[in-house]
Each structure stands twice: as structure tokens, then as C-alpha cells.
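A.B. asks: The structure is given below, and queries will be raised subsequently.
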Amino acid sequence: MENFADKTLTLKNVRLETGFDYDGDEVIHTKTELFTVEIEKGKIKNVLPNQPKVKAIDAKGLLMLPAFRDMHIHLDKTYYGLPWQAHLKKNKSVKDMIAFEQQVIPELLKTSIPRTEKLIGLLQSYGTSYARSHVNIDPTSQLDSLKHLQTALENKNESFGAELVAFPQHGIYYTKSADLLKEAAKMDIDFIGGLDPTSIDGDIEKHMDFVIQLALDNGKGIDIHLHESGESGIKTIEYLINKVNENPVLKGKTYVSHAFSLRFLDKTKTEEIAEKLGAAKVGIASTIPLSGSPMPIPTLYKYGVEVLAGNDCIVDHWNTFGTGSILQKANVAAQIYGYRTEFELSRILKLATGNILPLDDKGKRQWPAAGDQANVVLVDASCSAEAVSRVSPVKSLIHEGNLVF
């Protein structure tokens, strides 16, 4: 990796989207042109008419897109870098997984720093330069999972960024994790996590009040794991919405990860919850699950809910399917929701980029602009729609002005 953070980095022959072509009302094609892009001190300095003869890095007509963001992942937990191992049949429930983790974590911690760095390298190869990582805070790993992850991130800090969620993977009260979470909240983390308050800790109010108060006391956001698919899941979401409305400082800083209970509601109830989530500025972080009923992401968008996407598990004891590509998640979403047109495919790219799109809905270029963070990927595609549809290969990543590859 080359460090350009303090000096100008110039790229020529950069393909950027410039607008839409229409047939009547329908977008049928995305227009692009070649540009020269100047980067300085980690930011976009200028987007200029192309100067093919200037001395600069040649982007060779590759499409520049915002760098990808994996907004629900566990960088502290992976078998990546170890021999292949599929999911074990005996681990059916979350409580089964907790018992299994209590066995395997001590051994995994011995090599967690280099494996996390290797996993970050995999994400970067797919164009991801930023992640929201949940990190185990539990009596088995104490604060070691967090400390090891922070070391790995420090080692990668010029090429990768992250925000951290202190995550009580083994419950807050199911195992004695409350005091550890209080310690973690004073460390360099960004969100307080939670886990299935009813099925693990047996009490929505006790669990959620602890999470909410810890976030308020320490100026953190909230991002809870909620796998519960029935009534308790909905009650937990509604309880959280009410608490956020009582504490407006948490608006825009509060998320429900998974939120599988939203998959099993009728249309009226889905719209009602989506409207409440949007009004309270409570976001949903989804892994875009393929099995069973789909997540109601189009309805969440309709009511202005912030939707983030993540790979979650990448080759670990929970799941063996994570590839590391967040662009693939946008592709899966497009297939689930029937997004086939140029316009729809171009819009769903936002799942991969953390809601940044090169063109607005009217086809006006809004990215990149002078002053934007220089987090960009170069992909072998003609436009955003093709990049999503083909899961186009990433050829280069720039993070905060640093050329990663």
C-alpha cells in the first residue's frame, strides 16, 4: 500500500456517471464520461475534464464508485486463515452457539489478530474500506476480543476504517456480562449492542433499559442483534422506538440488526412499524437473508428508514456463506425484490455504499464532489446498474486518499 494521505494523488481516464438517457419516462441507459480526479489530504480536491496526457495514475476507463461499506460484520470472529470448517449440525439455537463459543473462543483468541487482518484484506479485495464490526464482550473472552480487534484495526488504519459495537454475544444476564459492557463502554467503541432480550435474557425491559442507559451515559449509539422472529421481536422494536422518542439524542444513532420479526407481518402492520422507525430515525442493518420470507426493505425505504447491509459472518462457526463482497449483497437484494431496470439497479447500489449514489434520482451527478472523502473503488463496469447486476470485479481501492491496491 502506498501512503498518499499528505500529498496529491491524480487519476486520469476515470469513468464517472453523468446522467440518464430516457425513453419516455423510463431510464434506459446511464451516461458516463472520462474525467481527471485530483485527491489531496484524504479528500476529493477537484473533478476536472479528462487530461489523458497529464502525468497521473491511469484508471483506464474503469468506473469510479464510492468505496463499499460493510455495516454488520464480526471482524473478531472468523475461521478465515484457518483450515476450512463448515457449520456444525449440533449448533441449532443461539444458546447452542453461546455454549460452543465458550469452548472455542480461548483457542481462537490466540490467533485472532492476524486472522482479523487477513479478513480485512479479503474485504478490501472486494472494494470495502469501512465496516461496522460487532465485537464479543462476554465472560469467556472478557475484553480480549475487543483489545485484539483494536490492535488489528490499528495495524490497518491507513487502509481501512471501522466503528465498533460492544456486543453481549452471550447475553447481558444469561452470562454475567453487564460489568464487562460497562468497562467496554468507556473504551474506544461507538455503539452498545444487545441480543434477543426475551429468548436469551428473558426480559425485554431489563435488557433494553440497560443497553439504552449505557448508551446515554457514555454518549454512544445503539445497535442490537434481534433474531427473534415472533411477537417478542416486534415488542422489542416498538419498545426501542418509544425509548428513542423519549431520548431524541439517540435518533439517527440507533439500529436494529437482523430484525427478522419484520419478515412475518401483514402489509398494514409492516407499514405501521416502518413509519414509526422512519419517524424515530431508527435504522435497520440487514444481511439480506435469502431463506424464508424476505425482509421488507422496499417498505422501509418508502418511509425513509435508513437501511444498511452487511455480510455478518465470513467463514465462521455461525455461518459459512459470507463471501466478503458487499456488492454481492446489493445484487441479492435486486434479485429478491425484482429490481431489473436500469434505474432500480442503479438505486440499490446504495446498499453497498452506505447510501451514497453517484447520481440522484433525477440523474444529476452528486458524487464525487470537491470536499468528499476520498474513499473510492474502480470497478470493471460501464455503470452502477451493470456493477450491481454483474457483481463487477473491483480493480482498485483508495481509502482516505491512500492507494490500497
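Labels used: A, B, ... for chains in the order of the C-alpha cells, numbers from 1 for residues in each chain, and numbers from 1 for ligands as shown.
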Find the residues around Asn136 of chain A up to 9 Å (only C-alpha atoms counted), leave out those fewer than 2 positions away in its own chain, and share them as an MDAnalysis selection string.

C.D. replies: chainID A and resid 74 76:77 134 138 141:146 165:170

A.B. asks: Apply DSSP to the backbone of this structure and, from segment 178-373 of chain A, keep only the residues in alpha helix (DSSP H); write these as a ChimeraX atom specification.

C.D. replies: /A:178-185,204-218,231-246,267-280,297-302,326-337,342-348,350-353

A.B. asks: Could you pull the residues within 9 Å of Ala280 of chain A, counting only C-alpha atoms, minus those fewer than 2 positions along the same chain, as a PDB file with N, CA, C and O atoms, in the first residue's frame?

C.D. replies:
ATOM      1  N   ILE A 241     -38.192   1.935  19.848  1.00  0.00           N
ATOM      2  CA  ILE A 241     -38.681   3.161  19.191  1.00  0.00           C
ATOM      3  C   ILE A 241     -39.201   4.155  20.237  1.00  0.00           C
ATOM      4  O   ILE A 241     -38.872   5.351  20.194  1.00  0.00           O
ATOM      5  N   ASN A 242     -39.989   3.658  21.189  1.00  0.00           N
ATOM      6  CA  ASN A 242     -40.544   4.545  22.225  1.00  0.00           C
ATOM      7  C   ASN A 242     -39.443   5.196  23.056  1.00  0.00           C
ATOM      8  O   ASN A 242     -39.502   6.392  23.378  1.00  0.00           O
ATOM      9  N   VAL A 244     -36.322   5.738  22.142  1.00  0.00           N
ATOM     10  CA  VAL A 244     -35.593   6.712  21.313  1.00  0.00           C
ATOM     11  C   VAL A 244     -36.392   8.014  21.222  1.00  0.00           C
ATOM     12  O   VAL A 244     -35.824   9.108  21.291  1.00  0.00           O
ATOM     13  N   ASN A 245     -37.703   7.895  21.092  1.00  0.00           N
ATOM     14  CA  ASN A 245     -38.540   9.104  21.059  1.00  0.00           C
ATOM     15  C   ASN A 245     -38.480   9.869  22.388  1.00  0.00           C
ATOM     16  O   ASN A 245     -38.534  11.099  22.411  1.00  0.00           O
ATOM     17  N   PRO A 248     -34.348  11.893  22.401  1.00  0.00           N
ATOM     18  CA  PRO A 248     -34.073  12.237  20.996  1.00  0.00           C
ATOM     19  C   PRO A 248     -32.593  12.254  20.621  1.00  0.00           C
ATOM     20  O   PRO A 248     -32.260  12.175  19.434  1.00  0.00           O
ATOM     21  N   LEU A 250     -30.726   9.944  20.779  1.00  0.00           N
ATOM     22  CA  LEU A 250     -30.451   8.636  20.169  1.00  0.00           C
ATOM     23  C   LEU A 250     -30.967   8.534  18.729  1.00  0.00           C
ATOM     24  O   LEU A 250     -30.678   7.551  18.041  1.00  0.00           O
ATOM     25  N   LYS A 251     -31.718   9.539  18.267  1.00  0.00           N
ATOM     26  CA  LYS A 251     -32.224   9.496  16.886  1.00  0.00           C
ATOM     27  C   LYS A 251     -31.054   9.555  15.905  1.00  0.00           C
ATOM     28  O   LYS A 251     -30.142  10.366  16.069  1.00  0.00           O
ATOM     29  N   GLY A 252     -31.104   8.695  14.900  1.00  0.00           N
ATOM     30  CA  GLY A 252     -30.029   8.643  13.911  1.00  0.00           C
ATOM     31  C   GLY A 252     -28.800   7.907  14.394  1.00  0.00           C
ATOM     32  O   GLY A 252     -27.826   7.761  13.652  1.00  0.00           O
ATOM     33  N   GLU A 275     -43.209   3.175   9.333  1.00  0.00           N
ATOM     34  CA  GLU A 275     -43.460   4.602   9.541  1.00  0.00           C
ATOM     35  C   GLU A 275     -42.904   5.057  10.898  1.00  0.00           C
ATOM     36  O   GLU A 275     -42.286   6.120  11.011  1.00  0.00           O
ATOM     37  N   LYS A 276     -43.096   4.232  11.939  1.00  0.00           N
ATOM     38  CA  LYS A 276     -42.569   4.561  13.273  1.00  0.00           C
ATOM     39  C   LYS A 276     -41.038   4.576  13.278  1.00  0.00           C
ATOM     40  O   LYS A 276     -40.419   5.456  13.892  1.00  0.00           O
ATOM     41  N   LEU A 277     -40.432   3.591  12.613  1.00  0.00           N
ATOM     42  CA  LEU A 277     -38.958   3.542  12.530  1.00  0.00           C
ATOM     43  C   LEU A 277     -38.429   4.789  11.832  1.00  0.00           C
ATOM     44  O   LEU A 277     -37.467   5.418  12.289  1.00  0.00           O
ATOM     45  N   GLY A 278     -39.067   5.160  10.714  1.00  0.00           N
ATOM     46  CA  GLY A 278     -38.632   6.335   9.961  1.00  0.00           C
ATOM     47  C   GLY A 278     -38.746   7.614  10.776  1.00  0.00           C
ATOM     48  O   GLY A 278     -37.837   8.441  10.798  1.00  0.00           O
ATOM     49  N   VAL A 282     -34.729   5.407  13.530  1.00  0.00           N
ATOM     50  CA  VAL A 282     -34.120   4.140  13.939  1.00  0.00           C
ATOM     51  C   VAL A 282     -33.873   3.324  12.674  1.00  0.00           C
ATOM     52  O   VAL A 282     -34.796   3.073  11.897  1.00  0.00           O
ATOM     53  N   GLY A 283     -32.615   2.945  12.441  1.00  0.00           N
ATOM     54  CA  GLY A 283     -32.239   2.251  11.217  1.00  0.00           C
ATOM     55  C   GLY A 283     -32.289   0.735  11.364  1.00  0.00           C
ATOM     56  O   GLY A 283     -32.394   0.198  12.466  1.00  0.00           O
TER      57      GLY A 283
END

A.B. asks: Wanna dump the segment 81-169 of chain A-segment 356-376 of chain A contacts at 12 Å for me, each residue with its shortest atom pair and the distance in Å to one decimal, counting only C-alpha atoms, ordered by chain and number, as JSON lines?

C.D. replies:
{"residue": "A:Gln124", "atom": "CA", "partner": "A:Val376", "partner_atom": "CA", "distance": 11.3}
{"residue": "A:Tyr126", "atom": "CA", "partner": "A:Val376", "partner_atom": "CA", "distance": 11.9}
{"residue": "A:Gly127", "atom": "CA", "partner": "A:Val376", "partner_atom": "CA", "distance": 8.2}
{"residue": "A:Thr128", "atom": "CA", "partner": "A:Val376", "partner_atom": "CA", "distance": 9.2}
{"residue": "A:Ser129", "atom": "CA", "partner": "A:Asn375", "partner_atom": "CA", "distance": 7.2}
{"residue": "A:Tyr130", "atom": "CA", "partner": "A:Asn375", "partner_atom": "CA", "distance": 9.1}
{"residue": "A:Glu158", "atom": "CA", "partner": "A:Asn375", "partner_atom": "CA", "distance": 11.7}
{"residue": "A:Ser159", "atom": "CA", "partner": "A:Asn375", "partner_atom": "CA", "distance": 9.8}
{"residue": "A:Phe160", "atom": "CA", "partner": "A:Asn375", "partner_atom": "CA", "distance": 9.8}
{"residue": "A:Gly161", "atom": "CA", "partner": "A:Asn375", "partner_atom": "CA", "distance": 10.2}

A.B. asks: To one decimal place, how far is atom CA of Tyr337 of chain A from atom CA of Thr268 of chain A in Å?

C.D. replies: 18.8 Å
